[in-house]
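S.K.: Dropping in run08.pdb, with PDB, C-alpha atoms.
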ATOM      1  CA  MET A   1      15.036 116.310-184.719  1.00  0.00           C
ATOM      2  CA  LYS A   2      13.863 117.078-181.179  1.00  0.00           C
ATOM      3  CA  TYR A   3      14.051 120.744-180.252  1.00  0.00           C
ATOM      4  CA  LEU A   4      15.005 121.830-176.711  1.00  0.00           C
ATOM      5  CA  PRO A   5      16.291 118.351-175.759  1.00  0.00           C
ATOM      6  CA  GLU A   6      17.377 119.618-172.334  1.00  0.00           C
ATOM      7  CA  LEU A   7      13.730 120.221-171.401  1.00  0.00           C
ATOM      8  CA  PHE A   8      12.666 116.741-172.497  1.00  0.00           C
ATOM      9  CA  ALA A   9      15.554 115.276-170.514  1.00  0.00           C
ATOM     10  CA  ALA A  10      14.541 117.287-167.445  1.00  0.00           C
ATOM     11  CA  ASN A  11      10.960 116.127-167.879  1.00  0.00           C
ATOM     12  CA  ALA A  12      12.050 112.498-168.014  1.00  0.00           C
ATOM     13  CA  ARG A  13      14.074 112.910-164.811  1.00  0.00           C
ATOM     14  CA  TRP A  14      11.156 114.621-163.056  1.00  0.00           C
ATOM     15  CA  ALA A  15       8.690 111.902-164.108  1.00  0.00           C
ATOM     16  CA  GLU A  16      11.015 109.203-162.798  1.00  0.00           C
ATOM     17  CA  GLU A  17      11.495 111.056-159.527  1.00  0.00           C
ATOM     18  CA  MET A  18       7.736 111.365-159.059  1.00  0.00           C
ATOM     19  CA  ARG A  19       7.207 107.661-159.748  1.00  0.00           C
ATOM     20  CA  ALA A  20       9.995 106.759-157.317  1.00  0.00           C
ATOM     21  CA  VAL A  21       8.278 108.705-154.535  1.00  0.00           C
ATOM     22  CA  ASP A  22       4.744 107.563-155.424  1.00  0.00           C
ATOM     23  CA  PRO A  23       4.231 104.823-158.064  1.00  0.00           C
ATOM     24  CA  ASP A  24       0.559 105.832-158.414  1.00  0.00           C
ATOM     25  CA  PHE A  25       1.216 109.575-158.734  1.00  0.00           C
ATOM     26  CA  PHE A  26       0.354 109.946-162.435  1.00  0.00           C
ATOM     27  CA  ALA A  27      -2.508 107.444-162.321  1.00  0.00           C
ATOM     28  CA  GLY A  28      -4.114 109.549-159.605  1.00  0.00           C
ATOM     29  CA  LEU A  29      -3.678 112.767-161.578  1.00  0.00           C
ATOM     30  CA  ALA A  30      -5.145 111.244-164.726  1.00  0.00           C
ATOM     31  CA  ALA A  31      -8.186 109.944-162.877  1.00  0.00           C
ATOM     32  CA  LEU A  32      -9.402 113.122-161.176  1.00  0.00           C
ATOM     33  CA  GLN A  33      -8.890 116.862-160.868  1.00  0.00           C
ATOM     34  CA  SER A  34     -10.423 118.233-157.667  1.00  0.00           C
ATOM     35  CA  PRO A  35      -8.589 121.384-156.548  1.00  0.00           C
ATOM     36  CA  ALA A  36      -9.922 123.465-153.694  1.00  0.00           C
ATOM     37  CA  TYR A  37      -8.237 126.632-155.010  1.00  0.00           C
ATOM     38  CA  LEU A  38      -8.345 128.852-158.072  1.00  0.00           C
ATOM     39  CA  TRP A  39      -5.158 130.920-158.355  1.00  0.00           C
ATOM     40  CA  ILE A  40      -5.255 134.093-160.446  1.00  0.00           C
ATOM     41  CA  GLY A  41      -1.653 135.193-160.681  1.00  0.00           C
ATOM     42  CA  CYS A  42       0.966 136.953-162.752  1.00  0.00           C
ATOM     43  CA  SER A  43       2.590 135.348-165.782  1.00  0.00           C
ATOM     44  CA  ASP A  44       6.016 136.120-164.286  1.00  0.00           C
ATOM     45  CA  SER A  45       8.093 132.945-164.480  1.00  0.00           C
ATOM     46  CA  ARG A  46       9.399 133.501-160.940  1.00  0.00           C
ATOM     47  CA  VAL A  47       5.964 133.005-159.331  1.00  0.00           C
ATOM     48  CA  PRO A  48       4.853 129.366-159.856  1.00  0.00           C
ATOM     49  CA  ALA A  49       1.647 128.790-157.883  1.00  0.00           C
ATOM     50  CA  ASN A  50       2.234 125.151-156.952  1.00  0.00           C
ATOM     51  CA  GLN A  51       5.781 125.583-155.750  1.00  0.00           C
ATOM     52  CA  ILE A  52       5.373 128.666-153.584  1.00  0.00           C
ATOM     53  CA  THR A  53       2.317 127.208-151.843  1.00  0.00           C
ATOM     54  CA  GLY A  54       3.738 123.701-151.488  1.00  0.00           C
ATOM     55  CA  LEU A  55       0.777 122.212-153.370  1.00  0.00           C
ATOM     56  CA  LYS A  56       0.934 119.215-155.662  1.00  0.00           C
ATOM     57  CA  PRO A  57      -0.249 119.195-159.306  1.00  0.00           C
ATOM     58  CA  GLY A  58      -4.011 118.809-159.268  1.00  0.00           C
ATOM     59  CA  GLU A  59      -4.448 120.755-156.018  1.00  0.00           C
ATOM     60  CA  VAL A  60      -4.657 124.254-157.513  1.00  0.00           C
ATOM     61  CA  PHE A  61      -6.355 125.456-160.714  1.00  0.00           C
ATOM     62  CA  VAL A  62      -4.371 128.311-162.261  1.00  0.00           C
ATOM     63  CA  HIS A  63      -4.996 131.328-164.462  1.00  0.00           C
ATOM     64  CA  ARG A  64      -2.122 133.705-165.139  1.00  0.00           C
ATOM     65  CA  ASN A  65      -1.737 136.923-167.093  1.00  0.00           C
ATOM     66  CA  VAL A  66       0.458 140.006-167.057  1.00  0.00           C
ATOM     67  CA  ALA A  67       0.143 141.634-163.616  1.00  0.00           C
ATOM     68  CA  ASN A  68      -2.722 139.374-162.408  1.00  0.00           C
ATOM     69  CA  VAL A  69      -5.456 141.610-163.813  1.00  0.00           C
ATOM     70  CA  VAL A  70      -9.148 140.640-163.775  1.00  0.00           C
ATOM     71  CA  VAL A  71     -11.132 142.416-166.487  1.00  0.00           C
ATOM     72  CA  HIS A  72     -14.863 141.900-166.893  1.00  0.00           C
ATOM     73  CA  THR A  73     -14.506 141.565-170.667  1.00  0.00           C
ATOM     74  CA  ASP A  74     -11.666 139.009-170.546  1.00  0.00           C
ATOM     75  CA  LEU A  75     -13.407 135.821-171.681  1.00  0.00           C
ATOM     76  CA  ASN A  76     -10.290 133.767-171.019  1.00  0.00           C
ATOM     77  CA  CYS A  77     -10.212 134.669-167.329  1.00  0.00           C
ATOM     78  CA  LEU A  78     -13.999 134.464-166.989  1.00  0.00           C
ATOM     79  CA  SER A  79     -14.071 131.022-168.620  1.00  0.00           C
ATOM     80  CA  VAL A  80     -11.439 129.774-166.181  1.00  0.00           C
ATOM     81  CA  MET A  81     -13.445 131.211-163.294  1.00  0.00           C
ATOM     82  CA  GLN A  82     -16.690 129.653-164.506  1.00  0.00           C
ATOM     83  CA  TYR A  83     -15.126 126.213-164.845  1.00  0.00           C
ATOM     84  CA  ALA A  84     -13.444 126.508-161.461  1.00  0.00           C
ATOM     85  CA  ILE A  85     -16.598 127.662-159.672  1.00  0.00           C
ATOM     86  CA  GLU A  86     -19.307 125.672-161.412  1.00  0.00           C
ATOM     87  CA  VAL A  87     -17.525 122.439-162.392  1.00  0.00           C
ATOM     88  CA  LEU A  88     -14.571 122.045-160.042  1.00  0.00           C
ATOM     89  CA  LYS A  89     -16.435 123.671-157.128  1.00  0.00           C
ATOM     90  CA  VAL A  90     -13.348 125.407-155.778  1.00  0.00           C
ATOM     91  CA  GLN A  91     -13.784 126.857-152.308  1.00  0.00           C
ATOM     92  CA  HIS A  92     -11.233 129.643-152.562  1.00  0.00           C
ATOM     93  CA  ILE A  93     -10.192 132.122-155.251  1.00  0.00           C
ATOM     94  CA  ILE A  94      -6.773 133.651-154.615  1.00  0.00           C
ATOM     95  CA  VAL A  95      -5.578 136.718-156.498  1.00  0.00           C
ATOM     96  CA  CYS A  96      -1.813 136.771-156.028  1.00  0.00           C
ATOM     97  CA  GLY A  97       0.492 139.526-157.199  1.00  0.00           C
ATOM     98  CA  HIS A  98       4.155 139.980-156.418  1.00  0.00           C
ATOM     99  CA  TYR A  99       6.573 142.712-155.513  1.00  0.00           C
ATOM    100  CA  GLY A 100       8.869 143.583-158.398  1.00  0.00           C
ATOM    101  CA  CYS A 101       6.098 143.111-160.990  1.00  0.00           C
ATOM    102  CA  GLY A 102       7.233 144.463-164.359  1.00  0.00           C
ATOM    103  CA  GLY A 103       3.676 145.125-165.516  1.00  0.00           C
ATOM    104  CA  VAL A 104       2.948 147.249-162.463  1.00  0.00           C
ATOM    105  CA  ARG A 105       6.200 149.149-162.913  1.00  0.00           C
ATOM    106  CA  ALA A 106       5.392 149.885-166.548  1.00  0.00           C
ATOM    107  CA  ALA A 107       1.969 151.186-165.517  1.00  0.00           C
ATOM    108  CA  LEU A 108       3.535 153.306-162.786  1.00  0.00           C
ATOM    109  CA  GLU A 109       6.185 154.875-164.989  1.00  0.00           C
ATOM    110  CA  GLY A 110       4.050 155.172-168.117  1.00  0.00           C
ATOM    111  CA  PRO A 111       6.450 154.491-171.044  1.00  0.00           C
ATOM    112  CA  SER A 112       4.941 152.964-174.154  1.00  0.00           C
ATOM    113  CA  HIS A 113       5.529 149.245-174.709  1.00  0.00           C
ATOM    114  CA  GLY A 114       3.191 148.770-177.665  1.00  0.00           C
ATOM    115  CA  LEU A 115       0.160 146.486-177.589  1.00  0.00           C
ATOM    116  CA  ILE A 116       0.477 145.718-173.883  1.00  0.00           C
ATOM    117  CA  ASP A 117      -0.212 149.387-173.083  1.00  0.00           C
ATOM    118  CA  ASN A 118      -3.916 148.618-173.590  1.00  0.00           C
ATOM    119  CA  TRP A 119      -3.775 145.894-170.924  1.00  0.00           C
ATOM    120  CA  LEU A 120      -1.742 147.997-168.504  1.00  0.00           C
ATOM    121  CA  ARG A 121      -4.292 150.785-168.759  1.00  0.00           C
ATOM    122  CA  HIS A 122      -6.305 148.906-166.120  1.00  0.00           C
ATOM    123  CA  ILE A 123      -3.419 149.269-163.658  1.00  0.00           C
ATOM    124  CA  GLU A 124      -2.842 152.870-164.700  1.00  0.00           C
ATOM    125  CA  ASP A 125      -6.421 153.554-163.610  1.00  0.00           C
ATOM    126  CA  ILE A 126      -5.553 152.221-160.147  1.00  0.00           C
ATOM    127  CA  ARG A 127      -2.408 154.362-160.150  1.00  0.00           C
ATOM    128  CA  ASP A 128      -4.513 157.415-160.953  1.00  0.00           C
ATOM    129  CA  TRP A 129      -7.100 156.645-158.248  1.00  0.00           C
ATOM    130  CA  HIS A 130      -4.296 156.612-155.680  1.00  0.00           C
ATOM    131  CA  SER A 131      -2.103 159.276-157.273  1.00  0.00           C
ATOM    132  CA  ASP A 132      -1.991 161.626-154.254  1.00  0.00           C
ATOM    133  CA  PHE A 133      -0.915 158.799-151.954  1.00  0.00           C
ATOM    134  CA  LEU A 134       1.661 157.378-154.377  1.00  0.00           C
ATOM    135  CA  THR A 135       3.155 160.769-155.207  1.00  0.00           C
ATOM    136  CA  ALA A 136       3.662 161.493-151.507  1.00  0.00           C
ATOM    137  CA  LEU A 137       5.768 158.364-150.958  1.00  0.00           C
ATOM    138  CA  PRO A 138       9.503 158.972-150.515  1.00  0.00           C
ATOM    139  CA  ASP A 139      10.892 157.046-153.484  1.00  0.00           C
ATOM    140  CA  ASP A 140      10.117 154.982-156.568  1.00  0.00           C
ATOM    141  CA  THR A 141      10.686 151.670-154.779  1.00  0.00           C
ATOM    142  CA  ALA A 142       8.001 152.456-152.211  1.00  0.00           C
ATOM    143  CA  ARG A 143       5.612 153.600-154.927  1.00  0.00           C
ATOM    144  CA  TRP A 144       6.233 150.403-156.912  1.00  0.00           C
ATOM    145  CA  ARG A 145       5.668 148.115-153.922  1.00  0.00           C
ATOM    146  CA  ALA A 146       2.564 150.020-152.844  1.00  0.00           C
ATOM    147  CA  LEU A 147       1.014 149.878-156.307  1.00  0.00           C
ATOM    148  CA  CYS A 148       1.703 146.125-156.492  1.00  0.00           C
ATOM    149  CA  GLU A 149      -0.404 145.745-153.335  1.00  0.00           C
ATOM    150  CA  LEU A 150      -3.149 148.127-154.423  1.00  0.00           C
ATOM    151  CA  ASN A 151      -3.416 146.334-157.753  1.00  0.00           C
ATOM    152  CA  VAL A 152      -4.077 143.010-156.010  1.00  0.00           C
ATOM    153  CA  ILE A 153      -6.710 144.580-153.769  1.00  0.00           C
ATOM    154  CA  GLU A 154      -8.543 146.136-156.714  1.00  0.00           C
ATOM    155  CA  GLN A 155      -8.424 142.868-158.654  1.00  0.00           C
ATOM    156  CA  VAL A 156     -10.083 141.083-155.727  1.00  0.00           C
ATOM    157  CA  ARG A 157     -12.820 143.718-155.978  1.00  0.00           C
ATOM    158  CA  ASN A 158     -13.159 142.923-159.686  1.00  0.00           C
ATOM    159  CA  VAL A 159     -13.418 139.178-158.980  1.00  0.00           C
ATOM    160  CA  ALA A 160     -16.116 139.808-156.376  1.00  0.00           C
ATOM    161  CA  ARG A 161     -18.129 141.919-158.819  1.00  0.00           C
ATOM    162  CA  THR A 162     -18.280 139.275-161.555  1.00  0.00           C
ATOM    163  CA  THR A 163     -21.650 137.648-162.131  1.00  0.00           C
ATOM    164  CA  LEU A 164     -19.954 134.266-161.658  1.00  0.00           C
ATOM    165  CA  VAL A 165     -18.987 134.954-158.061  1.00  0.00           C
ATOM    166  CA  GLY A 166     -22.170 136.870-157.321  1.00  0.00           C
ATOM    167  CA  ASP A 167     -24.335 134.012-158.577  1.00  0.00           C
ATOM    168  CA  ALA A 168     -22.321 131.468-156.577  1.00  0.00           C
ATOM    169  CA  TRP A 169     -22.890 133.439-153.395  1.00  0.00           C
ATOM    170  CA  LYS A 170     -26.608 133.856-154.159  1.00  0.00           C
ATOM    171  CA  ARG A 171     -27.080 130.115-154.438  1.00  0.00           C
ATOM    172  CA  GLY A 172     -25.214 129.550-151.177  1.00  0.00           C
ATOM    173  CA  GLN A 173     -22.095 127.998-152.666  1.00  0.00           C
ATOM    174  CA  PRO A 174     -19.181 128.317-150.206  1.00  0.00           C
ATOM    175  CA  LEU A 175     -16.601 130.524-151.891  1.00  0.00           C
ATOM    176  CA  VAL A 176     -14.017 132.773-150.244  1.00  0.00           C
ATOM    177  CA  LEU A 177     -11.921 135.378-152.072  1.00  0.00           C
ATOM    178  CA  HIS A 178      -8.391 136.295-151.015  1.00  0.00           C
ATOM    179  CA  GLY A 179      -5.726 138.795-152.047  1.00  0.00           C
ATOM    180  CA  TRP A 180      -2.091 137.859-151.475  1.00  0.00           C
ATOM    181  CA  ILE A 181       1.265 139.203-152.566  1.00  0.00           C
ATOM    182  CA  TYR A 182       4.522 137.305-152.963  1.00  0.00           C
ATOM    183  CA  GLY A 183       8.009 138.550-152.145  1.00  0.00           C
ATOM    184  CA  LEU A 184      10.578 137.579-154.758  1.00  0.00           C
ATOM    185  CA  GLU A 185      13.312 138.623-152.348  1.00  0.00           C
ATOM    186  CA  ASP A 186      12.341 136.261-149.525  1.00  0.00           C
ATOM    187  CA  GLY A 187       9.864 133.737-150.952  1.00  0.00           C
ATOM    188  CA  HIS A 188       7.114 134.645-148.488  1.00  0.00           C
ATOM    189  CA  LEU A 189       3.434 135.302-149.147  1.00  0.00           C
ATOM    190  CA  ARG A 190       1.659 138.223-147.457  1.00  0.00           C
ATOM    191  CA  ASP A 191      -2.085 138.254-146.842  1.00  0.00           C
ATOM    192  CA  LEU A 192      -3.459 141.656-147.880  1.00  0.00           C
ATOM    193  CA  GLN A 193      -6.551 141.179-145.694  1.00  0.00           C
ATOM    194  CA  THR A 194      -9.099 141.082-148.507  1.00  0.00           C
ATOM    195  CA  SER A 195     -10.758 137.777-147.602  1.00  0.00           C
ATOM    196  CA  LEU A 196     -14.526 137.883-148.128  1.00  0.00           C
ATOM    197  CA  LYS A 197     -17.297 135.350-148.546  1.00  0.00           C
ATOM    198  CA  SER A 198     -20.279 137.496-149.542  1.00  0.00           C
ATOM    199  CA  GLY A 199     -21.059 140.546-151.611  1.00  0.00           C
ATOM    200  CA  SER A 200     -22.314 142.433-148.568  1.00  0.00           C
ATOM    201  CA  GLU A 201     -18.761 142.501-147.172  1.00  0.00           C
ATOM    202  CA  LEU A 202     -17.153 143.852-150.326  1.00  0.00           C
ATOM    203  CA  ASP A 203     -16.994 147.607-149.787  1.00  0.00           C
ATOM    204  CA  THR A 204     -15.979 147.362-146.127  1.00  0.00           C
ATOM    205  CA  VAL A 205     -13.291 144.720-146.650  1.00  0.00           C
ATOM    206  CA  ILE A 206     -11.743 146.462-149.662  1.00  0.00           C
ATOM    207  CA  ALA A 207     -11.712 149.847-147.926  1.00  0.00           C
ATOM    208  CA  GLN A 208     -10.006 148.324-144.887  1.00  0.00           C
ATOM    209  CA  ALA A 209      -7.464 146.512-147.067  1.00  0.00           C
ATOM    210  CA  VAL A 210      -6.589 149.720-148.917  1.00  0.00           C
ATOM    211  CA  ALA A 211      -6.234 151.609-145.624  1.00  0.00           C
ATOM    212  CA  SER A 212      -4.024 148.858-144.192  1.00  0.00           C
ATOM    213  CA  SER A 213      -1.810 148.814-147.272  1.00  0.00           C
ATOM    214  CA  ARG A 214      -1.426 152.593-147.239  1.00  0.00           C
ATOM    215  CA  SER A 215      -0.597 152.638-143.547  1.00  0.00           C
ATOM    216  CA  ARG A 216       2.406 150.371-144.047  1.00  0.00           C
ATOM    217  CA  TYR A 217       4.014 152.905-146.345  1.00  0.00           C
ATOM    218  CA  VAL A 218       2.993 156.022-144.473  1.00  0.00           C
ATOM    219  CA  ALA A 219       4.470 154.515-141.305  1.00  0.00           C
ATOM    220  CA  HIS A 220       7.782 153.923-143.072  1.00  0.00           C
TER     221      HIS A 220
END
If you took the structure in this file and wrote it as structure tokens, what would it be?
M.R.:
Amino acid sequence: MKYLPELFAANARWAEEMRAVDPDFFAGLAALQSPAYLWIGCSDSRVPANQITGLKPGEVFVHRNVANVVVHTDLNCLSVMQYAIEVLKVQHIIVCGHYGCGGVRAALEGPSHGLIDNWLRHIEDIRDWHSDFLTALPDDTARWRALCELNVIEQVRNVARTTLVGDAWKRGQPLVLHGWIYGLEDGHLRDLQTSLKSGSELDTVIAQAVASSRSRYVAH
């Protein structure tokens, strides 16, 4: 008995469609993986990296977790980063969050959800660092959107401070970090102005990105 037959049927249709467009599509994928991008994103099912960037399978290497958090003790994330940097030689690492993130909202509001509370504590720290700013915003929607942005910015900082990225920069490997956020309501990506290509830029770029993010909400 085959479980979830509708998914197998959809897969068969998709495979046939791909072969109709490009008969060598799967042969090319099987032969080589050479993405230029590592995407660190949220596990939310509404934010598929390939589709929202218009990239084909094989063009982006992906790591996803709840609320796109980068923790220096997370061996899963670090292993993905090491493989992407040292083996695949990606040229860009993109941390992408999204407005309407449930993990960020849970961290903002603070109710207990069980085991995941330990993971969300990392975002609660960011909430606490910016508590005066967030509290001064006019409503919960603004606070939620602002914290989604601030979380991405801080996660780019965490990526930059890993030994993996630091060592890549020291040996002269071209590697640029980026922080983006995706709008579920309109399908558009926003650049949060965190792009950096060396450790010497880190503090300045992150401070400017935080100031820019804050200014959008203060202005409104």
S.K.: Hey, what comes out of the PyMOL selection byres ((chain A and resi 42) around 7) on this file? Could you write it as JSON, numbers by chain?
M.R.: {"A": [41, 43, 44, 64, 65, 66, 67, 68, 97]}
S.K.: Pick the closest to Asn76 of chain A from A:Ala168, A:Glu201, A:His63, A:Val152: which is it, counting only C-alpha atoms?
M.R.: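 Of A:Ala168, A:Glu201, A:His63, A:Val152, the one nearest Asn76 of chain A, counting only C-alpha atoms, is A:His63.
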S.K.: Write out as a PyMOL selection string the residues lying within 12 Å of Ala142 of chain A, counting only C-alpha atoms and excluding same-chain residues fewer than 2 positions away.
M.R.: chain A and resi 99-100+105+108+133-140+144-149+213-214+216-220
S.K.: I need the residue set behind the PyMOL selection byres ((chain A and resi 95) around 8) for this file; please write it as a list in words.
M.R.: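 Applying the PyMOL selection byres ((chain A and resi 95) around 8) to the structure shown produces Trp39, Ile40, Gly41, Asn68, Ile93, Ile94, Cys96, Gly97, Val152, Gln155, Val156, Leu177, His178, Gly179 and Trp180 of chain A.
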S.K.: Looking at all atoms listed in the file, which of A:Lys170, A:Met81, A:Val69, A:Asn158 is the one that sits closest to Arg121 of chain A?
M.R.: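 Checking each of A:Lys170, A:Met81, A:Val69, A:Asn158 against Arg121 of chain A, counting all atoms listed in the file, the winner is A:Val69.
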S.K.: For the structure provided, state which residues fall under the PyMOL selection byres ((chain A and resi 164) around 10), and present them as a ChimeraX atom specification.
M.R.: /A:78-79,81-83,85-86,159-163,165-169
S.K.: How would segment 137-147 of chain A read, as a PDB file, in the frame of the given file, once all heavy atoms are built in?
M.R.:
ATOM      1  N   LEU A 137       4.807 159.338-151.482  1.00  0.00           N
ATOM      2  CA  LEU A 137       5.768 158.364-150.958  1.00  0.00           C
ATOM      3  C   LEU A 137       7.199 158.809-151.258  1.00  0.00           C
ATOM      4  O   LEU A 137       7.448 159.512-152.249  1.00  0.00           O
ATOM      5  CB  LEU A 137       5.492 156.982-151.535  1.00  0.00           C
ATOM      6  CG  LEU A 137       4.155 156.356-151.082  1.00  0.00           C
ATOM      7  CD1 LEU A 137       3.957 154.988-151.718  1.00  0.00           C
ATOM      8  CD2 LEU A 137       4.079 156.247-149.562  1.00  0.00           C
ATOM      9  N   PRO A 138       8.153 158.393-150.436  1.00  0.00           N
ATOM     10  CA  PRO A 138       9.503 158.972-150.515  1.00  0.00           C
ATOM     11  C   PRO A 138      10.332 158.593-151.727  1.00  0.00           C
ATOM     12  O   PRO A 138      11.265 159.317-152.084  1.00  0.00           O
ATOM     13  CB  PRO A 138      10.179 158.461-149.226  1.00  0.00           C
ATOM     14  CG  PRO A 138       9.430 157.212-148.878  1.00  0.00           C
ATOM     15  CD  PRO A 138       8.014 157.479-149.302  1.00  0.00           C
ATOM     16  N   ASP A 139      10.044 157.448-152.360  1.00  0.00           N
ATOM     17  CA  ASP A 139      10.892 157.046-153.484  1.00  0.00           C
ATOM     18  C   ASP A 139      10.133 156.100-154.411  1.00  0.00           C
ATOM     19  O   ASP A 139       9.026 155.642-154.098  1.00  0.00           O
ATOM     20  CB  ASP A 139      12.179 156.376-152.988  1.00  0.00           C
ATOM     21  CG  ASP A 139      11.918 155.218-152.038  1.00  0.00           C
ATOM     22  OD1 ASP A 139      11.193 154.274-152.426  1.00  0.00           O
ATOM     23  OD2 ASP A 139      12.418 155.251-150.897  1.00  0.00           O
ATOM     24  N   ASP A 140      10.753 155.814-155.551  1.00  0.00           N
ATOM     25  CA  ASP A 140      10.117 154.982-156.568  1.00  0.00           C
ATOM     26  C   ASP A 140       9.907 153.550-156.092  1.00  0.00           C
ATOM     27  O   ASP A 140       8.925 152.904-156.463  1.00  0.00           O
ATOM     28  CB  ASP A 140      10.963 154.979-157.849  1.00  0.00           C
ATOM     29  CG  ASP A 140      10.925 156.311-158.578  1.00  0.00           C
ATOM     30  OD1 ASP A 140       9.990 157.095-158.321  1.00  0.00           O
ATOM     31  OD2 ASP A 140      11.824 156.560-159.395  1.00  0.00           O
ATOM     32  N   THR A 141      10.827 153.043-155.272  1.00  0.00           N
ATOM     33  CA  THR A 141      10.686 151.670-154.779  1.00  0.00           C
ATOM     34  C   THR A 141       9.438 151.531-153.922  1.00  0.00           C
ATOM     35  O   THR A 141       8.671 150.561-154.069  1.00  0.00           O
ATOM     36  CB  THR A 141      11.927 151.261-153.968  1.00  0.00           C
ATOM     37  OG1 THR A 141      13.079 151.304-154.815  1.00  0.00           O
ATOM     38  CG2 THR A 141      11.767 149.856-153.407  1.00  0.00           C
ATOM     39  N   ALA A 142       9.203 152.482-153.049  1.00  0.00           N
ATOM     40  CA  ALA A 142       8.001 152.456-152.211  1.00  0.00           C
ATOM     41  C   ALA A 142       6.743 152.570-153.061  1.00  0.00           C
ATOM     42  O   ALA A 142       5.754 151.869-152.821  1.00  0.00           O
ATOM     43  CB  ALA A 142       8.059 153.579-151.179  1.00  0.00           C
ATOM     44  N   ARG A 143       6.776 153.449-154.042  1.00  0.00           N
ATOM     45  CA  ARG A 143       5.612 153.600-154.927  1.00  0.00           C
ATOM     46  C   ARG A 143       5.327 152.305-155.680  1.00  0.00           C
ATOM     47  O   ARG A 143       4.170 151.897-155.841  1.00  0.00           O
ATOM     48  CB  ARG A 143       5.854 154.755-155.904  1.00  0.00           C
ATOM     49  CG  ARG A 143       5.593 156.120-155.308  1.00  0.00           C
ATOM     50  CD  ARG A 143       5.705 157.226-156.350  1.00  0.00           C
ATOM     51  NE  ARG A 143       7.104 157.568-156.604  1.00  0.00           N
ATOM     52  CZ  ARG A 143       7.795 158.438-155.877  1.00  0.00           C
ATOM     53  NH1 ARG A 143       7.234 159.050-154.849  1.00  0.00           N
ATOM     54  NH2 ARG A 143       9.054 158.718-156.175  1.00  0.00           N
ATOM     55  N   TRP A 144       6.375 151.664-156.161  1.00  0.00           N
ATOM     56  CA  TRP A 144       6.233 150.403-156.912  1.00  0.00           C
ATOM     57  C   TRP A 144       5.626 149.313-156.035  1.00  0.00           C
ATOM     58  O   TRP A 144       4.663 148.647-156.411  1.00  0.00           O
ATOM     59  CB  TRP A 144       7.605 149.999-157.430  1.00  0.00           C
ATOM     60  CG  TRP A 144       7.642 148.843-158.379  1.00  0.00           C
ATOM     61  CD1 TRP A 144       6.573 148.213-158.965  1.00  0.00           C
ATOM     62  CD2 TRP A 144       8.824 148.179-158.867  1.00  0.00           C
ATOM     63  NE1 TRP A 144       7.013 147.200-159.784  1.00  0.00           N
ATOM     64  CE2 TRP A 144       8.387 147.157-159.743  1.00  0.00           C
ATOM     65  CE3 TRP A 144      10.180 148.355-158.648  1.00  0.00           C
ATOM     66  CZ2 TRP A 144       9.282 146.307-160.385  1.00  0.00           C
ATOM     67  CZ3 TRP A 144      11.073 147.523-159.300  1.00  0.00           C
ATOM     68  CH2 TRP A 144      10.632 146.509-160.157  1.00  0.00           C
ATOM     69  N   ARG A 145       6.177 149.142-154.837  1.00  0.00           N
ATOM     70  CA  ARG A 145       5.668 148.115-153.922  1.00  0.00           C
ATOM     71  C   ARG A 145       4.218 148.406-153.528  1.00  0.00           C
ATOM     72  O   ARG A 145       3.377 147.498-153.479  1.00  0.00           O
ATOM     73  CB  ARG A 145       6.551 148.024-152.681  1.00  0.00           C
ATOM     74  CG  ARG A 145       7.910 147.403-152.949  1.00  0.00           C
ATOM     75  CD  ARG A 145       8.784 147.409-151.698  1.00  0.00           C
ATOM     76  NE  ARG A 145       8.263 146.520-150.657  1.00  0.00           N
ATOM     77  CZ  ARG A 145       8.524 145.230-150.576  1.00  0.00           C
ATOM     78  NH1 ARG A 145       9.289 144.638-151.491  1.00  0.00           N
ATOM     79  NH2 ARG A 145       8.040 144.494-149.587  1.00  0.00           N
ATOM     80  N   ALA A 146       3.925 149.663-153.251  1.00  0.00           N
ATOM     81  CA  ALA A 146       2.564 150.020-152.844  1.00  0.00           C
ATOM     82  C   ALA A 146       1.565 149.756-153.961  1.00  0.00           C
ATOM     83  O   ALA A 146       0.464 149.237-153.712  1.00  0.00           O
ATOM     84  CB  ALA A 146       2.519 151.489-152.413  1.00  0.00           C
ATOM     85  N   LEU A 147       1.934 150.097-155.193  1.00  0.00           N
ATOM     86  CA  LEU A 147       1.014 149.878-156.307  1.00  0.00           C
ATOM     87  C   LEU A 147       0.833 148.383-156.577  1.00  0.00           C
ATOM     88  O   LEU A 147      -0.251 147.959-156.979  1.00  0.00           O
ATOM     89  CB  LEU A 147       1.504 150.602-157.567  1.00  0.00           C
ATOM     90  CG  LEU A 147       0.543 150.572-158.760  1.00  0.00           C
ATOM     91  CD1 LEU A 147      -0.845 151.109-158.392  1.00  0.00           C
ATOM     92  CD2 LEU A 147       1.114 151.364-159.942  1.00  0.00           C
TER      93      LEU A 147
END
